[in-house]
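Here's data.csv, which has CSV, C-alpha atoms:
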```csv
chain,number,residue,atom,x,y,z
A,1,MET,CA,20.5,8.3,-1.3
A,2,ALA,CA,17.0,9.4,-2.3
A,3,ILE,CA,14.6,10.4,0.4
A,4,GLN,CA,12.1,7.6,1.2
A,5,VAL,CA,9.3,6.7,3.5
A,6,HIS,CA,9.9,3.2,5.0
A,7,THR,CA,7.3,1.3,7.1
A,8,LYS,CA,7.6,-2.2,8.3
A,9,PHE,CA,5.1,-4.5,10.1
A,10,LYS,CA,4.8,-8.1,11.1
A,11,ILE,CA,1.6,-9.8,10.0
A,12,MET,CA,0.7,-13.2,11.5
A,13,LYS,CA,-0.3,-14.7,8.1
A,14,PRO,CA,1.6,-16.4,5.3
A,15,ALA,CA,3.0,-14.2,2.5
A,16,HIS,CA,0.5,-15.6,0.0
A,17,GLU,CA,-2.5,-14.3,2.0
A,18,VAL,CA,-0.8,-10.9,2.5
A,19,PHE,CA,0.0,-10.7,-1.2
A,20,ASN,CA,-3.6,-11.6,-2.3
A,21,ALA,CA,-5.0,-8.9,0.0
A,22,PHE,CA,-3.2,-6.3,-2.1
A,23,ILE,CA,-3.7,-7.6,-5.6
A,24,LYS,CA,-7.4,-8.7,-5.4
A,25,PRO,CA,-9.8,-5.7,-5.3
A,26,GLU,CA,-12.4,-7.5,-3.3
A,27,LEU,CA,-9.9,-8.2,-0.5
A,28,MET,CA,-8.2,-4.8,-0.6
A,29,ALA,CA,-11.6,-3.2,0.0
A,30,ASN,CA,-11.6,-4.7,3.5
A,31,PHE,CA,-8.6,-2.7,4.6
A,32,TRP,CA,-7.6,0.1,2.2
A,33,PHE,CA,-9.3,1.6,-0.9
A,34,SER,CA,-13.0,0.8,-1.3
A,35,SER,CA,-12.6,-0.4,-4.9
A,36,ALA,CA,-10.3,-0.9,-7.8
A,37,SER,CA,-10.9,-1.0,-11.6
A,38,GLU,CA,-9.2,-4.4,-11.8
A,39,LYS,CA,-6.8,-6.9,-10.2
A,40,MET,CA,-3.2,-5.8,-10.0
A,41,SER,CA,-0.9,-7.3,-12.6
A,42,GLU,CA,2.3,-6.2,-14.2
A,43,GLY,CA,2.1,-3.4,-16.8
A,44,LYS,CA,-1.6,-2.5,-16.0
A,45,THR,CA,-2.8,1.0,-15.2
A,46,ILE,CA,-5.4,0.7,-12.5
A,47,THR,CA,-7.8,3.2,-10.7
A,48,TRP,CA,-8.3,2.8,-7.0
A,49,ARG,CA,-11.2,4.6,-5.4
A,50,TYR,CA,-12.0,5.8,-1.9
A,51,GLU,CA,-15.8,6.2,-2.0
A,52,GLU,CA,-15.9,7.6,1.5
A,53,TYR,CA,-13.5,10.5,0.6
A,54,ASN,CA,-14.8,10.9,-3.0
A,55,ALA,CA,-11.2,10.4,-4.2
A,56,GLU,CA,-9.4,8.2,-6.6
A,57,VAL,CA,-5.8,7.5,-7.7
A,58,LYS,CA,-4.4,6.1,-10.9
A,59,LEU,CA,-1.4,3.8,-10.6
A,60,THR,CA,0.8,1.8,-12.9
A,61,VAL,CA,1.9,-1.6,-11.8
A,62,VAL,CA,5.6,-1.9,-12.6
A,63,GLU,CA,6.5,-5.3,-11.1
A,64,ILE,CA,4.8,-8.2,-9.5
A,65,GLN,CA,6.7,-11.2,-7.9
A,66,GLU,CA,4.1,-13.5,-6.6
A,67,ASP,CA,4.0,-13.6,-2.8
A,68,GLN,CA,7.2,-11.5,-2.6
A,69,LYS,CA,7.0,-8.0,-4.1
A,70,ILE,CA,4.7,-5.4,-5.7
A,71,VAL,CA,6.0,-2.2,-7.2
A,72,PHE,CA,3.8,0.5,-8.6
A,73,LYS,CA,4.0,4.2,-9.5
A,74,TRP,CA,1.4,6.8,-8.6
A,75,GLY,CA,0.8,10.5,-8.6
A,76,PRO,CA,1.0,13.1,-11.3
A,77,ALA,CA,3.9,12.8,-13.7
A,78,GLU,CA,5.8,15.7,-12.3
A,79,GLU,CA,5.4,14.3,-8.7
A,80,GLU,CA,5.3,10.6,-9.5
A,81,HIS,CA,6.2,8.3,-6.6
A,82,THR,CA,7.4,4.7,-6.6
A,83,VAL,CA,6.0,2.3,-4.0
A,84,THR,CA,7.7,-1.0,-3.3
A,85,ILE,CA,5.9,-3.5,-1.1
A,86,THR,CA,8.1,-6.4,-0.1
A,87,LEU,CA,7.0,-9.6,1.7
A,88,ASN,CA,9.4,-11.7,3.6
A,89,GLU,CA,7.7,-14.9,4.9
A,90,LEU,CA,9.3,-15.8,8.2
A,91,ASP,CA,7.5,-19.1,8.5
A,92,GLU,CA,4.2,-20.5,7.4
A,93,ALA,CA,2.3,-18.3,9.9
A,94,SER,CA,4.1,-14.9,9.7
A,95,THR,CA,5.3,-12.4,7.2
A,96,ILE,CA,7.3,-9.1,7.5
A,97,ILE,CA,5.8,-6.6,5.1
A,98,GLU,CA,7.8,-3.5,4.1
A,99,VAL,CA,6.6,-0.5,2.3
A,100,ASN,CA,9.0,2.0,0.7
A,101,GLU,CA,7.9,5.1,-1.1
A,102,THR,CA,10.4,7.2,-3.1
A,103,GLY,CA,10.1,10.2,-5.5
A,104,TRP,CA,10.0,13.1,-3.0
A,105,ASN,CA,10.9,16.6,-4.2
A,106,GLU,CA,13.7,17.4,-1.9
A,107,ILE,CA,13.4,21.2,-2.3
A,108,ASP,CA,9.6,21.3,-1.6
A,109,SER,CA,8.9,23.7,1.3
A,110,GLU,CA,6.3,21.2,2.5
A,111,LEU,CA,8.7,18.2,2.4
A,112,ILE,CA,8.7,17.4,6.1
A,113,ASN,CA,4.9,17.7,6.4
A,114,ASN,CA,4.4,15.5,3.3
A,115,LEU,CA,6.8,12.9,4.7
A,116,LEU,CA,5.1,12.8,8.1
A,117,GLY,CA,1.7,12.6,6.5
A,118,ASN,CA,2.7,9.9,4.2
A,119,LYS,CA,4.3,7.8,7.0
A,120,GLU,CA,1.1,8.2,9.0
A,121,GLY,CA,-0.8,6.9,6.0
A,122,TRP,CA,1.3,3.8,5.5
A,123,VAL,CA,1.2,3.0,9.2
A,124,TYR,CA,-2.5,3.4,9.2
A,125,MET,CA,-3.0,1.2,6.1
A,126,LEU,CA,-0.8,-1.6,7.5
A,127,THR,CA,-2.6,-1.4,10.9
A,128,CYS,CA,-5.9,-1.9,9.0
A,129,LEU,CA,-4.3,-4.8,7.0
A,130,LYS,CA,-3.2,-6.5,10.2
A,131,GLY,CA,-6.6,-6.0,11.8
A,132,TYR,CA,-8.3,-7.5,8.7
A,133,LEU,CA,-6.0,-10.5,8.1
A,134,GLU,CA,-5.4,-11.4,11.7
A,135,ASN,CA,-8.8,-10.6,13.2
A,136,GLY,CA,-11.3,-10.3,10.3
A,137,SER,CA,-11.9,-6.6,11.1
A,138,THR,CA,-13.3,-4.8,8.1
A,139,ASN,CA,-14.4,-1.6,9.8
A,140,LEU,CA,-11.0,0.0,10.4
A,141,ARG,CA,-10.4,1.4,6.9
A,142,ALA,CA,-11.6,4.9,5.9
A,143,ALA,CA,-11.7,6.1,9.5
A,144,ILE,CA,-9.2,8.9,9.2
A,145,VAL,CA,-10.9,12.3,9.6
A,146,PHE,CA,-9.4,15.2,7.7
```

Could you write out this structure as structure tokens?
Amino acid sequence: MAIQVHTKFKIMKPAHEVFNAFIKPELMANFWFSSASEKMSEGKTITWRYEEYNAEVKLTVVEIQEDQKIVFKWGPAEEEHTVTITLNELDEASTIIEVNETGWNEIDSELINNLLGNKEGWVYMLTCLKGYLENGSTNLRAAIVF
């Protein structure tokens, strides 16, 4: 089995609202990246920007299942990772969101540090998502200090 980073949260919103928060740039900017070149859709290559960190990342959207699943690849070709975001609506007011990231170089001397940092990032992003969707907080994102 390949090494993966797995993070799972319960969000007190229906899957449709959680899904839209990821695919629509104007919503995503409230909890994650500050902007995106366009809305996520299958087969598109998109650029996400973090203005606060003067950083950007290109990703390719591999699969979209409305209100259920988003799969994308990001990172340089030799280090490309696959991220799968799965939404499981428990009822009309709550959704379990899971993020799995695969593609880790198992012989990298920095593997453990990379896995821990990555896990920290996903937990932080999902915390910001929860704060945004459940409480309307838009000032949590981009607060990590390097």

Legend entry - Point (10.1, 14.1, -3.5) neighbourhood (10 Å, all atoms listed in the file) written as a PyMOL selection string: chain A and resi 2-4+78-81+101-108+111+114-115

If you count all atoms listed in the file, which residues fall within 6 Å of region 49-62 of chain A, apart from same-chain ones fewer than 2 positions away, as an mmCIF file with C-alpha atoms, in the frame of the given file?
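See around09.cif below for the written result:
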```cif
data_model
loop_
_atom_site.group_PDB
_atom_site.id
_atom_site.type_symbol
_atom_site.label_atom_id
_atom_site.label_comp_id
_atom_site.auth_asym_id
_atom_site.auth_seq_id
_atom_site.Cartn_x
_atom_site.Cartn_y
_atom_site.Cartn_z
ATOM 1 C CA PHE A 33 -9.300 1.600 -0.900
ATOM 2 C CA SER A 34 -13.000 0.800 -1.300
ATOM 3 C CA SER A 35 -12.600 -0.400 -4.900
ATOM 4 C CA GLU A 42 2.300 -6.200 -14.200
ATOM 5 C CA GLY A 43 2.100 -3.400 -16.800
ATOM 6 C CA LYS A 44 -1.600 -2.500 -16.000
ATOM 7 C CA THR A 45 -2.800 1.000 -15.200
ATOM 8 C CA ILE A 46 -5.400 0.700 -12.500
ATOM 9 C CA THR A 47 -7.800 3.200 -10.700
ATOM 10 C CA VAL A 71 6.000 -2.200 -7.200
ATOM 11 C CA PHE A 72 3.800 0.500 -8.600
ATOM 12 C CA LYS A 73 4.000 4.200 -9.500
ATOM 13 C CA TRP A 74 1.400 6.800 -8.600
#
```

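With distances restricted to only C-alpha atoms, A:Asn88 is the closest residue to Glu66 (chain A) from A:Asn118, A:Asn88, A:Thr127, A:Thr82.
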
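Interatomic distance, CA of Met28 (chain A) to CA of Val5 (chain A): 21.3 Å.
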
Inset, instruction - In Å, rounded to a single decimal, give me how far CA of Phe9 (chain A) is from CA of Lys119 (chain A). - result: 12.7 Å

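When CA of Thr84 (chain A) is paired with CA of Met125 (chain A), their separation reads 14.4 Å.
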
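Ranking A:Ala29, A:Val83, A:Ile64, A:Ala93 by their shortest atom-to-atom distance to Ala15 (chain A), with all atoms listed in the file included, puts A:Ala93 first.
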
Give me the residues near Leu140 (chain A) as a PDB file with C-alpha atoms, keeping the file's coordinate frame, where near means some atom within 9 Å (using only C-alpha atoms) and where sequence neighbours in that chain fewer than 6 positions away do not count.
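The new file part_14.pdb reads:
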```pdb
ATOM      1  CA  ASN A  30     -11.600  -4.700   3.500  1.00  0.00           C
ATOM      2  CA  PHE A  31      -8.600  -2.700   4.600  1.00  0.00           C
ATOM      3  CA  TRP A  32      -7.600   0.100   2.200  1.00  0.00           C
ATOM      4  CA  THR A 127      -2.600  -1.400  10.900  1.00  0.00           C
ATOM      5  CA  CYS A 128      -5.900  -1.900   9.000  1.00  0.00           C
ATOM      6  CA  LEU A 129      -4.300  -4.800   7.000  1.00  0.00           C
ATOM      7  CA  GLY A 131      -6.600  -6.000  11.800  1.00  0.00           C
ATOM      8  CA  TYR A 132      -8.300  -7.500   8.700  1.00  0.00           C
TER       9      TYR A 132
END
```

Inset, instruction - Considering all atoms listed in the file, return as a PyMOL selection string whatever protein or nucleic-acid residues lie within 7 Å of Ser94 (chain A), sequence-local ones (same chain, fewer than 2 positions apart) excluded. - result: chain A and resi 10-14+89-92+96

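Taking all atoms listed in the file into account, Tyr124 (chain A) lies nearest to A:Ala143 out of the set A:Leu27, A:Ile97, A:Ala143, A:Val18.
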